[in-house]
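Below is input12.json, which holds JSON, N, CA and C atoms.
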```json
[["chain", "number", "residue", "atom", "x", "y", "z"],
["A", 489, "ALA", "N", 122.98, 94.69, 112.65],
["A", 489, "ALA", "CA", 122.83, 95.86, 111.81],
["A", 489, "ALA", "C", 121.46, 95.87, 111.14],
["A", 490, "ASP", "N", 120.97, 94.71, 110.70],
["A", 490, "ASP", "CA", 119.65, 94.65, 110.06],
["A", 490, "ASP", "C", 118.55, 95.06, 111.02],
["A", 491, "VAL", "N", 118.68, 94.62, 112.28],
["A", 491, "VAL", "CA", 117.66, 94.96, 113.28],
["A", 491, "VAL", "C", 117.65, 96.47, 113.53],
["A", 492, "LEU", "N", 118.82, 97.06, 113.65],
["A", 492, "LEU", "CA", 118.90, 98.50, 113.88],
["A", 492, "LEU", "C", 118.32, 99.27, 112.69],
["A", 493, "HIS", "N", 118.58, 98.81, 111.49],
["A", 493, "HIS", "CA", 118.01, 99.44, 110.29],
["A", 493, "HIS", "C", 116.48, 99.38, 110.34],
["A", 494, "THR", "N", 115.95, 98.21, 110.67],
["A", 494, "THR", "CA", 114.50, 98.03, 110.70],
["A", 494, "THR", "C", 113.87, 98.88, 111.79],
["A", 495, "VAL", "N", 114.49, 98.95, 112.96],
["A", 495, "VAL", "CA", 113.97, 99.77, 114.05],
["A", 495, "VAL", "C", 113.98, 101.24, 113.65],
["A", 496, "GLY", "N", 115.06, 101.69, 113.01],
["A", 496, "GLY", "CA", 115.13, 103.06, 112.54],
["A", 496, "GLY", "C", 114.06, 103.38, 111.51],
["A", 497, "LEU", "N", 113.84, 102.46, 110.59],
["A", 497, "LEU", "CA", 112.80, 102.63, 109.58],
["A", 497, "LEU", "C", 111.43, 102.70, 110.22],
["A", 498, "LEU", "N", 111.17, 101.81, 111.16],
["A", 498, "LEU", "CA", 109.89, 101.78, 111.86],
["A", 498, "LEU", "C", 109.64, 103.11, 112.55],
["A", 499, "ARG", "N", 110.62, 103.62, 113.25],
["A", 499, "ARG", "CA", 110.46, 104.90, 113.95],
["A", 499, "ARG", "C", 110.22, 106.05, 112.96],
["A", 500, "ALA", "N", 110.97, 106.06, 111.88],
["A", 500, "ALA", "CA", 110.82, 107.13, 110.90],
["A", 500, "ALA", "C", 109.44, 107.10, 110.25],
["A", 501, "LEU", "N", 108.92, 105.90, 110.01],
["A", 501, "LEU", "CA", 107.62, 105.78, 109.37],
["A", 501, "LEU", "C", 106.47, 106.07, 110.33],
["A", 502, "GLU", "N", 106.77, 106.20, 111.61],
["A", 502, "GLU", "CA", 105.76, 106.57, 112.60],
["A", 502, "GLU", "C", 105.77, 108.07, 112.88],
["A", 503, "SER", "N", 106.54, 108.82, 112.12],
["A", 503, "SER", "CA", 106.60, 110.27, 112.29],
["A", 503, "SER", "C", 105.22, 110.89, 112.12],
["A", 504, "PRO", "N", 104.90, 111.92, 112.90],
["A", 504, "PRO", "CA", 103.61, 112.59, 112.72],
["A", 504, "PRO", "C", 103.56, 113.45, 111.46],
["A", 505, "THR", "N", 104.69, 113.64, 110.82],
["A", 505, "THR", "CA", 104.78, 114.50, 109.64],
["A", 505, "THR", "C", 104.77, 113.66, 108.36],
["A", 506, "PRO", "N", 103.77, 113.85, 107.50],
["A", 506, "PRO", "CA", 103.71, 113.07, 106.25],
["A", 506, "PRO", "C", 104.97, 113.21, 105.39],
["A", 507, "SER", "N", 105.53, 114.41, 105.33],
["A", 507, "SER", "CA", 106.72, 114.60, 104.49],
["A", 507, "SER", "C", 107.91, 113.81, 105.03],
["A", 508, "GLN", "N", 108.00, 113.66, 106.35],
["A", 508, "GLN", "CA", 109.07, 112.85, 106.94],
["A", 508, "GLN", "C", 108.86, 111.37, 106.62],
["A", 509, "ARG", "N", 107.62, 110.91, 106.68],
["A", 509, "ARG", "CA", 107.33, 109.52, 106.33],
["A", 509, "ARG", "C", 107.66, 109.26, 104.86],
["A", 510, "GLN", "N", 107.32, 110.23, 104.01],
["A", 510, "GLN", "CA", 107.62, 110.10, 102.58],
["A", 510, "GLN", "C", 109.13, 110.04, 102.36],
["A", 511, "ARG", "N", 109.85, 110.95, 102.98],
["A", 511, "ARG", "CA", 111.31, 110.98, 102.85],
["A", 511, "ARG", "C", 111.93, 109.68, 103.34],
["A", 512, "SER", "N", 111.44, 109.16, 104.44],
["A", 512, "SER", "CA", 111.97, 107.91, 104.99],
["A", 512, "SER", "C", 111.78, 106.75, 104.03],
["A", 513, "ALA", "N", 110.63, 106.70, 103.40],
["A", 513, "ALA", "CA", 110.36, 105.63, 102.43],
["A", 513, "ALA", "C", 111.25, 105.75, 101.21],
["A", 514, "LEU", "N", 111.51, 106.97, 100.78],
["A", 514, "LEU", "CA", 112.29, 107.18, 99.56],
["A", 514, "LEU", "C", 113.79, 107.03, 99.75],
["A", 515, "THR", "N", 114.27, 107.33, 100.94],
["A", 515, "THR", "CA", 115.72, 107.32, 101.15],
["A", 515, "THR", "C", 116.24, 106.04, 101.75],
["A", 516, "GLY", "N", 115.38, 105.22, 102.28],
["A", 516, "GLY", "CA", 115.84, 103.97, 102.88],
["A", 516, "GLY", "C", 116.18, 102.92, 101.84],
["A", 517, "ALA", "N", 117.14, 102.10, 102.16],
["A", 517, "ALA", "CA", 117.50, 100.97, 101.29],
["A", 517, "ALA", "C", 116.58, 99.81, 101.66],
["A", 518, "ALA", "N", 115.45, 99.71, 100.98],
["A", 518, "ALA", "CA", 114.45, 98.69, 101.31],
["A", 518, "ALA", "C", 114.95, 97.30, 100.96],
["A", 519, "THR", "N", 114.75, 96.39, 101.88],
["A", 519, "THR", "CA", 115.10, 94.99, 101.68],
["A", 519, "THR", "C", 113.86, 94.14, 101.95],
["A", 520, "ASP", "N", 113.95, 92.86, 101.63],
["A", 520, "ASP", "CA", 112.79, 92.01, 101.90],
["A", 520, "ASP", "C", 112.49, 91.91, 103.39],
["A", 521, "GLN", "N", 113.49, 92.15, 104.25],
["A", 521, "GLN", "CA", 113.25, 92.15, 105.69],
["A", 521, "GLN", "C", 112.41, 93.36, 106.11],
["A", 522, "ASP", "N", 112.40, 94.41, 105.30],
["A", 522, "ASP", "CA", 111.62, 95.61, 105.60],
["A", 522, "ASP", "C", 110.18, 95.50, 105.13],
["A", 523, "ALA", "N", 109.84, 94.49, 104.40],
["A", 523, "ALA", "CA", 108.52, 94.39, 103.78],
["A", 523, "ALA", "C", 107.39, 94.52, 104.79],
["A", 524, "ALA", "N", 107.46, 93.83, 105.90],
["A", 524, "ALA", "CA", 106.37, 93.87, 106.88],
["A", 524, "ALA", "C", 106.18, 95.27, 107.45],
["A", 525, "VAL", "N", 107.28, 95.95, 107.74],
["A", 525, "VAL", "CA", 107.21, 97.32, 108.27],
["A", 525, "VAL", "C", 106.61, 98.25, 107.23],
["A", 526, "LEU", "N", 107.05, 98.12, 105.99],
["A", 526, "LEU", "CA", 106.55, 98.97, 104.92],
["A", 526, "LEU", "C", 105.08, 98.72, 104.63],
["A", 527, "VAL", "N", 104.66, 97.46, 104.62],
["A", 527, "VAL", "CA", 103.25, 97.15, 104.39],
["A", 527, "VAL", "C", 102.39, 97.74, 105.50],
["A", 528, "ALA", "N", 102.80, 97.56, 106.75],
["A", 528, "ALA", "CA", 102.02, 98.10, 107.86],
["A", 528, "ALA", "C", 101.89, 99.62, 107.76],
["A", 529, "ALA", "N", 102.99, 100.29, 107.39],
["A", 529, "ALA", "CA", 102.95, 101.75, 107.24],
["A", 529, "ALA", "C", 102.05, 102.15, 106.07],
["A", 530, "LEU", "N", 102.14, 101.43, 104.96],
["A", 530, "LEU", "CA", 101.32, 101.73, 103.80],
["A", 530, "LEU", "C", 99.83, 101.59, 104.12],
["A", 531, "LEU", "N", 99.47, 100.53, 104.79],
["A", 531, "LEU", "CA", 98.06, 100.24, 105.04],
["A", 531, "LEU", "C", 97.40, 101.28, 105.93],
["A", 532, "ARG", "N", 98.18, 101.99, 106.74],
["A", 532, "ARG", "CA", 97.60, 103.00, 107.63],
["A", 532, "ARG", "C", 97.87, 104.44, 107.15],
["A", 533, "GLU", "N", 98.58, 104.58, 106.03],
["A", 533, "GLU", "CA", 98.99, 105.91, 105.57],
["A", 533, "GLU", "C", 97.83, 106.69, 104.95],
["A", 534, "PRO", "N", 97.43, 107.83, 105.56],
["A", 534, "PRO", "CA", 96.32, 108.60, 105.03],
["A", 534, "PRO", "C", 96.70, 109.57, 103.91],
["A", 535, "HIS", "N", 97.99, 109.87, 103.75],
["A", 535, "HIS", "CA", 98.43, 110.88, 102.77],
["A", 535, "HIS", "C", 98.92, 110.21, 101.48],
["A", 536, "ALA", "N", 98.39, 110.66, 100.36],
["A", 536, "ALA", "CA", 98.68, 110.04, 99.07],
["A", 536, "ALA", "C", 100.16, 110.07, 98.71],
["A", 537, "ASP", "N", 100.84, 111.18, 98.95],
["A", 537, "ASP", "CA", 102.25, 111.27, 98.57],
["A", 537, "ASP", "C", 103.11, 110.29, 99.36],
["A", 538, "ALA", "N", 102.86, 110.22, 100.66],
["A", 538, "ALA", "CA", 103.61, 109.28, 101.49],
["A", 538, "ALA", "C", 103.27, 107.84, 101.10],
["A", 539, "ALA", "N", 102.00, 107.59, 100.78],
["A", 539, "ALA", "CA", 101.60, 106.24, 100.35],
["A", 539, "ALA", "C", 102.30, 105.85, 99.05],
["A", 540, "GLY", "N", 102.41, 106.79, 98.13],
["A", 540, "GLY", "CA", 103.11, 106.52, 96.88],
["A", 540, "GLY", "C", 104.58, 106.19, 97.12],
["A", 541, "ALA", "N", 105.21, 106.89, 98.03],
["A", 541, "ALA", "CA", 106.61, 106.60, 98.36],
["A", 541, "ALA", "C", 106.73, 105.21, 99.00],
["A", 542, "LEU", "N", 105.78, 104.87, 99.84],
["A", 542, "LEU", "CA", 105.80, 103.54, 100.46],
["A", 542, "LEU", "C", 105.59, 102.45, 99.42],
["A", 543, "GLN", "N", 104.72, 102.68, 98.46],
["A", 543, "GLN", "CA", 104.52, 101.70, 97.38],
["A", 543, "GLN", "C", 105.81, 101.51, 96.60],
["A", 544, "TRP", "N", 106.49, 102.61, 96.32],
["A", 544, "TRP", "CA", 107.76, 102.53, 95.60],
["A", 544, "TRP", "C", 108.77, 101.72, 96.40],
["A", 545, "ALA", "N", 108.86, 101.99, 97.70],
["A", 545, "ALA", "CA", 109.79, 101.24, 98.55],
["A", 545, "ALA", "C", 109.43, 99.76, 98.58],
["A", 546, "LEU", "N", 108.13, 99.47, 98.64],
["A", 546, "LEU", "CA", 107.69, 98.07, 98.64],
["A", 546, "LEU", "C", 108.06, 97.37, 97.34],
["A", 547, "SER", "N", 108.01, 98.09, 96.24],
["A", 547, "SER", "CA", 108.36, 97.47, 94.96],
["A", 547, "SER", "C", 109.81, 97.01, 94.93],
["A", 548, "ARG", "N", 110.62, 97.60, 95.79],
["A", 548, "ARG", "CA", 112.04, 97.24, 95.85],
["A", 548, "ARG", "C", 112.29, 96.03, 96.77],
["A", 549, "THR", "N", 111.27, 95.55, 97.45],
["A", 549, "THR", "CA", 111.45, 94.42, 98.37],
["A", 549, "THR", "C", 111.17, 93.08, 97.70],
["A", 550, "GLY", "N", 110.83, 93.08, 96.44],
["A", 550, "GLY", "CA", 110.53, 91.82, 95.76],
["A", 550, "GLY", "C", 109.16, 91.32, 96.15],
["A", 551, "ASP", "N", 109.03, 90.01, 96.23],
["A", 551, "ASP", "CA", 107.73, 89.40, 96.52],
["A", 551, "ASP", "C", 107.43, 89.25, 98.00],
["A", 552, "ALA", "N", 108.31, 89.73, 98.86],
["A", 552, "ALA", "CA", 108.14, 89.54, 100.30],
["A", 552, "ALA", "C", 106.86, 90.16, 100.84],
["A", 553, "ALA", "N", 106.38, 91.22, 100.21],
["A", 553, "ALA", "CA", 105.19, 91.91, 100.71],
["A", 553, "ALA", "C", 103.88, 91.31, 100.21],
["A", 554, "LEU", "N", 103.94, 90.47, 99.21],
["A", 554, "LEU", "CA", 102.71, 89.97, 98.59],
["A", 554, "LEU", "C", 101.73, 89.32, 99.55],
["A", 555, "PRO", "N", 102.14, 88.40, 100.42],
["A", 555, "PRO", "CA", 101.15, 87.78, 101.32],
["A", 555, "PRO", "C", 100.41, 88.79, 102.20],
["A", 556, "ALA", "N", 101.11, 89.75, 102.76],
["A", 556, "ALA", "CA", 100.47, 90.74, 103.62],
["A", 556, "ALA", "C", 99.54, 91.65, 102.83],
["A", 557, "LEU", "N", 99.94, 92.00, 101.60],
["A", 557, "LEU", "CA", 99.08, 92.85, 100.78],
["A", 557, "LEU", "C", 97.81, 92.11, 100.35],
["A", 558, "VAL", "N", 97.95, 90.86, 100.00],
["A", 558, "VAL", "CA", 96.77, 90.06, 99.62],
["A", 558, "VAL", "C", 95.83, 89.92, 100.83],
["A", 559, "GLU", "N", 96.38, 89.67, 101.99],
["A", 559, "GLU", "CA", 95.57, 89.55, 103.21],
["A", 559, "GLU", "C", 94.83, 90.86, 103.49],
["A", 560, "ALA", "N", 95.47, 91.99, 103.24],
["A", 560, "ALA", "CA", 94.84, 93.29, 103.50],
["A", 560, "ALA", "C", 93.65, 93.56, 102.61],
["A", 561, "LEU", "N", 93.51, 92.84, 101.51],
["A", 561, "LEU", "CA", 92.35, 93.02, 100.64],
["A", 561, "LEU", "C", 91.05, 92.66, 101.35],
["A", 562, "ASP", "N", 91.14, 91.89, 102.43],
["A", 562, "ASP", "CA", 89.96, 91.52, 103.22],
["A", 562, "ASP", "C", 89.79, 92.36, 104.47],
["A", 563, "ALA", "N", 90.55, 93.45, 104.60],
["A", 563, "ALA", "CA", 90.46, 94.31, 105.79],
["A", 563, "ALA", "C", 89.07, 94.91, 105.90],
["A", 564, "PRO", "N", 88.58, 95.10, 107.11],
["A", 564, "PRO", "CA", 87.24, 95.67, 107.28],
["A", 564, "PRO", "C", 87.15, 97.15, 106.88],
["A", 565, "ASP", "N", 88.27, 97.87, 106.93],
["A", 565, "ASP", "CA", 88.27, 99.30, 106.59],
["A", 565, "ASP", "C", 88.70, 99.51, 105.14],
["A", 566, "GLU", "N", 88.17, 100.59, 104.56],
["A", 566, "GLU", "CA", 88.44, 100.86, 103.15],
["A", 566, "GLU", "C", 89.89, 101.27, 102.88],
["A", 567, "LEU", "N", 90.49, 102.08, 103.74],
["A", 567, "LEU", "CA", 91.84, 102.59, 103.48],
["A", 567, "LEU", "C", 92.86, 101.47, 103.28],
["A", 568, "PRO", "N", 92.96, 100.51, 104.18],
["A", 568, "PRO", "CA", 93.94, 99.45, 103.94],
["A", 568, "PRO", "C", 93.63, 98.63, 102.69],
["A", 569, "ARG", "N", 92.36, 98.39, 102.41],
["A", 569, "ARG", "CA", 92.00, 97.65, 101.20],
["A", 569, "ARG", "C", 92.45, 98.41, 99.96],
["A", 570, "ARG", "N", 92.19, 99.72, 99.93],
["A", 570, "ARG", "CA", 92.56, 100.56, 98.78],
["A", 570, "ARG", "C", 94.06, 100.63, 98.63],
["A", 571, "ARG", "N", 94.79, 100.80, 99.73],
["A", 571, "ARG", "CA", 96.25, 100.87, 99.66],
["A", 571, "ARG", "C", 96.84, 99.55, 99.16],
["A", 572, "ALA", "N", 96.29, 98.44, 99.65],
["A", 572, "ALA", "CA", 96.79, 97.13, 99.22],
["A", 572, "ALA", "C", 96.53, 96.90, 97.74],
["A", 573, "LEU", "N", 95.33, 97.24, 97.30],
["A", 573, "LEU", "CA", 94.97, 97.07, 95.89],
["A", 573, "LEU", "C", 95.87, 97.93, 95.00],
["A", 574, "ASP", "N", 96.09, 99.16, 95.39],
["A", 574, "ASP", "CA", 96.97, 100.04, 94.62],
["A", 574, "ASP", "C", 98.38, 99.47, 94.53],
["A", 575, "ALA", "N", 98.87, 98.92, 95.63],
["A", 575, "ALA", "CA", 100.23, 98.37, 95.65],
["A", 575, "ALA", "C", 100.34, 97.12, 94.80],
["A", 576, "LEU", "N", 99.26, 96.36, 94.70],
["A", 576, "LEU", "CA", 99.30, 95.12, 93.92],
["A", 576, "LEU", "C", 99.12, 95.36, 92.43],
["A", 577, "GLU", "N", 98.60, 96.49, 92.04],
["A", 577, "GLU", "CA", 98.37, 96.76, 90.62],
["A", 577, "GLU", "C", 99.65, 97.01, 89.87]]
```

If you took the structure in this file and wrote it as structure tokens, what would it be?
Amino acid sequence: ADVLHTVGLLRALESPTPSQRQRSALTGAATDQDAAVLVAALLREPHADAAGALQWALSRTGDAALPALVEALDAPDELPRRRALDALE
């Protein structure tokens, strides 16, 4: 069941529609197992509203996302660095 939940979340967060990605982040029951999927989606999210929803979902995963967010601070591109910094604040 956990794997199916994660696969569903991954697919929803890959939607071409920002509002769908935002809805998926807000309505999913985020667990620490979802942290990697949520971090990856956050780091590539170009839309502020969807990014905010992803940050909120990440806050519900506890400390599971911290290592990936800290690592993203050294990303070569600005967007992932900015998203990681915002999530860590």

Need to verify the contact set: range 500-509 of chain A, 10 Å, only C-alpha atoms, exclusion of same-chain residues closer than 3 positions in sequence. Can you return it as a list in words?
Thr494, Val495, Gly496, Leu497, Ser512, Ala513, Leu514, Gly516, Val525, Leu526, Ala528, Ala529, Leu530, Glu533, Pro534, His535, Ala536, Asp537, Ala538, Ala539, Ala541 and Leu542 of chain A

Counting all atoms listed in the file, note down every residue that has an atom within 6 Å of the point (100.8, 91.1, 98.3) (file coordinates), as a PyMOL selection string.
chain A and resi 553-559

Mind pulling up the distance from CA of Thr515 in chain A to CA of Glu566 in chain A?
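CA of Thr515 in chain A lies 28.1 Å from CA of Glu566 in chain A.
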
Coordinates-based distance that separates CA of Asp522 in chain A from CA of Gln543 in chain A (Å, one decimal):
12.5 Å

Quick one, how far is CA of Val527 in chain A from atom N of Asp562 in chain A?
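Taking CA of Val527 in chain A as the start and atom N of Asp562 in chain A as the end point, the length is 13.3 Å.
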
Can you list, as a ChimeraX atom specification, every residue of range 527-570 of chain A that DSSP puts in helix (DSSP H, G or I)?
/A:527-532,536-547,550-560,566-570

Output of the above residues as a short mmCIF file (atom, residue, chain, number, x, y, z; two decimals), keeping the file's coordinate frame, restricted to N, CA and C atoms:
```
data_model
loop_
_atom_site.label_atom_id
_atom_site.label_comp_id
_atom_site.auth_asym_id
_atom_site.auth_seq_id
_atom_site.Cartn_x
_atom_site.Cartn_y
_atom_site.Cartn_z
N VAL A 527 104.66 97.46 104.62
CA VAL A 527 103.25 97.15 104.39
C VAL A 527 102.39 97.74 105.50
N ALA A 528 102.80 97.56 106.75
CA ALA A 528 102.02 98.10 107.86
C ALA A 528 101.89 99.62 107.76
N ALA A 529 102.99 100.29 107.39
CA ALA A 529 102.95 101.75 107.24
C ALA A 529 102.05 102.15 106.07
N LEU A 530 102.14 101.43 104.96
CA LEU A 530 101.32 101.73 103.80
C LEU A 530 99.83 101.59 104.12
N LEU A 531 99.47 100.53 104.79
CA LEU A 531 98.06 100.24 105.04
C LEU A 531 97.40 101.28 105.93
N ARG A 532 98.18 101.99 106.74
CA ARG A 532 97.60 103.00 107.63
C ARG A 532 97.87 104.44 107.15
N ALA A 536 98.39 110.66 100.36
CA ALA A 536 98.68 110.04 99.07
C ALA A 536 100.16 110.07 98.71
N ASP A 537 100.84 111.18 98.95
CA ASP A 537 102.25 111.27 98.57
C ASP A 537 103.11 110.29 99.36
N ALA A 538 102.86 110.22 100.66
CA ALA A 538 103.61 109.28 101.49
C ALA A 538 103.27 107.84 101.10
N ALA A 539 102.00 107.59 100.78
CA ALA A 539 101.60 106.24 100.35
C ALA A 539 102.30 105.85 99.05
N GLY A 540 102.41 106.79 98.13
CA GLY A 540 103.11 106.52 96.88
C GLY A 540 104.58 106.19 97.12
N ALA A 541 105.21 106.89 98.03
CA ALA A 541 106.61 106.60 98.36
C ALA A 541 106.73 105.21 99.00
N LEU A 542 105.78 104.87 99.84
CA LEU A 542 105.80 103.54 100.46
C LEU A 542 105.59 102.45 99.42
N GLN A 543 104.72 102.68 98.46
CA GLN A 543 104.52 101.70 97.38
C GLN A 543 105.81 101.51 96.60
N TRP A 544 106.49 102.61 96.32
CA TRP A 544 107.76 102.53 95.60
C TRP A 544 108.77 101.72 96.40
N ALA A 545 108.86 101.99 97.70
CA ALA A 545 109.79 101.24 98.55
C ALA A 545 109.43 99.76 98.58
N LEU A 546 108.13 99.47 98.64
CA LEU A 546 107.69 98.07 98.64
C LEU A 546 108.06 97.37 97.34
N SER A 547 108.01 98.09 96.24
CA SER A 547 108.36 97.47 94.96
C SER A 547 109.81 97.01 94.93
N GLY A 550 110.83 93.08 96.44
CA GLY A 550 110.53 91.82 95.76
C GLY A 550 109.16 91.32 96.15
N ASP A 551 109.03 90.01 96.23
CA ASP A 551 107.73 89.40 96.52
C ASP A 551 107.43 89.25 98.00
N ALA A 552 108.31 89.73 98.86
CA ALA A 552 108.14 89.54 100.30
C ALA A 552 106.86 90.16 100.84
N ALA A 553 106.38 91.22 100.21
CA ALA A 553 105.19 91.91 100.71
C ALA A 553 103.88 91.31 100.21
N LEU A 554 103.94 90.47 99.21
CA LEU A 554 102.71 89.97 98.59
C LEU A 554 101.73 89.32 99.55
N PRO A 555 102.14 88.40 100.42
CA PRO A 555 101.15 87.78 101.32
C PRO A 555 100.41 88.79 102.20
N ALA A 556 101.11 89.75 102.76
CA ALA A 556 100.47 90.74 103.62
C ALA A 556 99.54 91.65 102.83
N LEU A 557 99.94 92.00 101.60
CA LEU A 557 99.08 92.85 100.78
C LEU A 557 97.81 92.11 100.35
N VAL A 558 97.95 90.86 100.00
CA VAL A 558 96.77 90.06 99.62
C VAL A 558 95.83 89.92 100.83
N GLU A 559 96.38 89.67 101.99
CA GLU A 559 95.57 89.55 103.21
C GLU A 559 94.83 90.86 103.49
N ALA A 560 95.47 91.99 103.24
CA ALA A 560 94.84 93.29 103.50
C ALA A 560 93.65 93.56 102.61
N GLU A 566 88.17 100.59 104.56
CA GLU A 566 88.44 100.86 103.15
C GLU A 566 89.89 101.27 102.88
N LEU A 567 90.49 102.08 103.74
CA LEU A 567 91.84 102.59 103.48
C LEU A 567 92.86 101.47 103.28
N PRO A 568 92.96 100.51 104.18
CA PRO A 568 93.94 99.45 103.94
C PRO A 568 93.63 98.63 102.69
N ARG A 569 92.36 98.39 102.41
CA ARG A 569 92.00 97.65 101.20
C ARG A 569 92.45 98.41 99.96
N ARG A 570 92.19 99.72 99.93
CA ARG A 570 92.56 100.56 98.78
C ARG A 570 94.06 100.63 98.63
#
```

Show me the residues around (100.6, 100.9, 91.5) - criterion: an atom at most 10 Å away, only C-alpha atoms counted - as a PyMOL selection string.
chain A and resi 540+543-544+547+571-577

Would you save the residues from that selection as a PDB file, keeping the file's coordinate frame, using N, CA and C atoms?
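Contents of the output file out-v6.pdb:
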```pdb
ATOM      1  N   GLY A 540     102.410 106.790  98.130  1.00  0.00           N
ATOM      2  CA  GLY A 540     103.110 106.520  96.880  1.00  0.00           C
ATOM      3  C   GLY A 540     104.580 106.190  97.120  1.00  0.00           C
ATOM      4  N   GLN A 543     104.720 102.680  98.460  1.00  0.00           N
ATOM      5  CA  GLN A 543     104.520 101.700  97.380  1.00  0.00           C
ATOM      6  C   GLN A 543     105.810 101.510  96.600  1.00  0.00           C
ATOM      7  N   TRP A 544     106.490 102.610  96.320  1.00  0.00           N
ATOM      8  CA  TRP A 544     107.760 102.530  95.600  1.00  0.00           C
ATOM      9  C   TRP A 544     108.770 101.720  96.400  1.00  0.00           C
ATOM     10  N   SER A 547     108.010  98.090  96.240  1.00  0.00           N
ATOM     11  CA  SER A 547     108.360  97.470  94.960  1.00  0.00           C
ATOM     12  C   SER A 547     109.810  97.010  94.930  1.00  0.00           C
ATOM     13  N   ARG A 571      94.790 100.800  99.730  1.00  0.00           N
ATOM     14  CA  ARG A 571      96.250 100.870  99.660  1.00  0.00           C
ATOM     15  C   ARG A 571      96.840  99.550  99.160  1.00  0.00           C
ATOM     16  N   ALA A 572      96.290  98.440  99.650  1.00  0.00           N
ATOM     17  CA  ALA A 572      96.790  97.130  99.220  1.00  0.00           C
ATOM     18  C   ALA A 572      96.530  96.900  97.740  1.00  0.00           C
ATOM     19  N   LEU A 573      95.330  97.240  97.300  1.00  0.00           N
ATOM     20  CA  LEU A 573      94.970  97.070  95.890  1.00  0.00           C
ATOM     21  C   LEU A 573      95.870  97.930  95.000  1.00  0.00           C
ATOM     22  N   ASP A 574      96.090  99.160  95.390  1.00  0.00           N
ATOM     23  CA  ASP A 574      96.970 100.040  94.620  1.00  0.00           C
ATOM     24  C   ASP A 574      98.380  99.470  94.530  1.00  0.00           C
ATOM     25  N   ALA A 575      98.870  98.920  95.630  1.00  0.00           N
ATOM     26  CA  ALA A 575     100.230  98.370  95.650  1.00  0.00           C
ATOM     27  C   ALA A 575     100.340  97.120  94.800  1.00  0.00           C
ATOM     28  N   LEU A 576      99.260  96.360  94.700  1.00  0.00           N
ATOM     29  CA  LEU A 576      99.300  95.120  93.920  1.00  0.00           C
ATOM     30  C   LEU A 576      99.120  95.360  92.430  1.00  0.00           C
ATOM     31  N   GLU A 577      98.600  96.490  92.040  1.00  0.00           N
ATOM     32  CA  GLU A 577      98.370  96.760  90.620  1.00  0.00           C
ATOM     33  C   GLU A 577      99.650  97.010  89.870  1.00  0.00           C
TER      34      GLU A 577
END
```
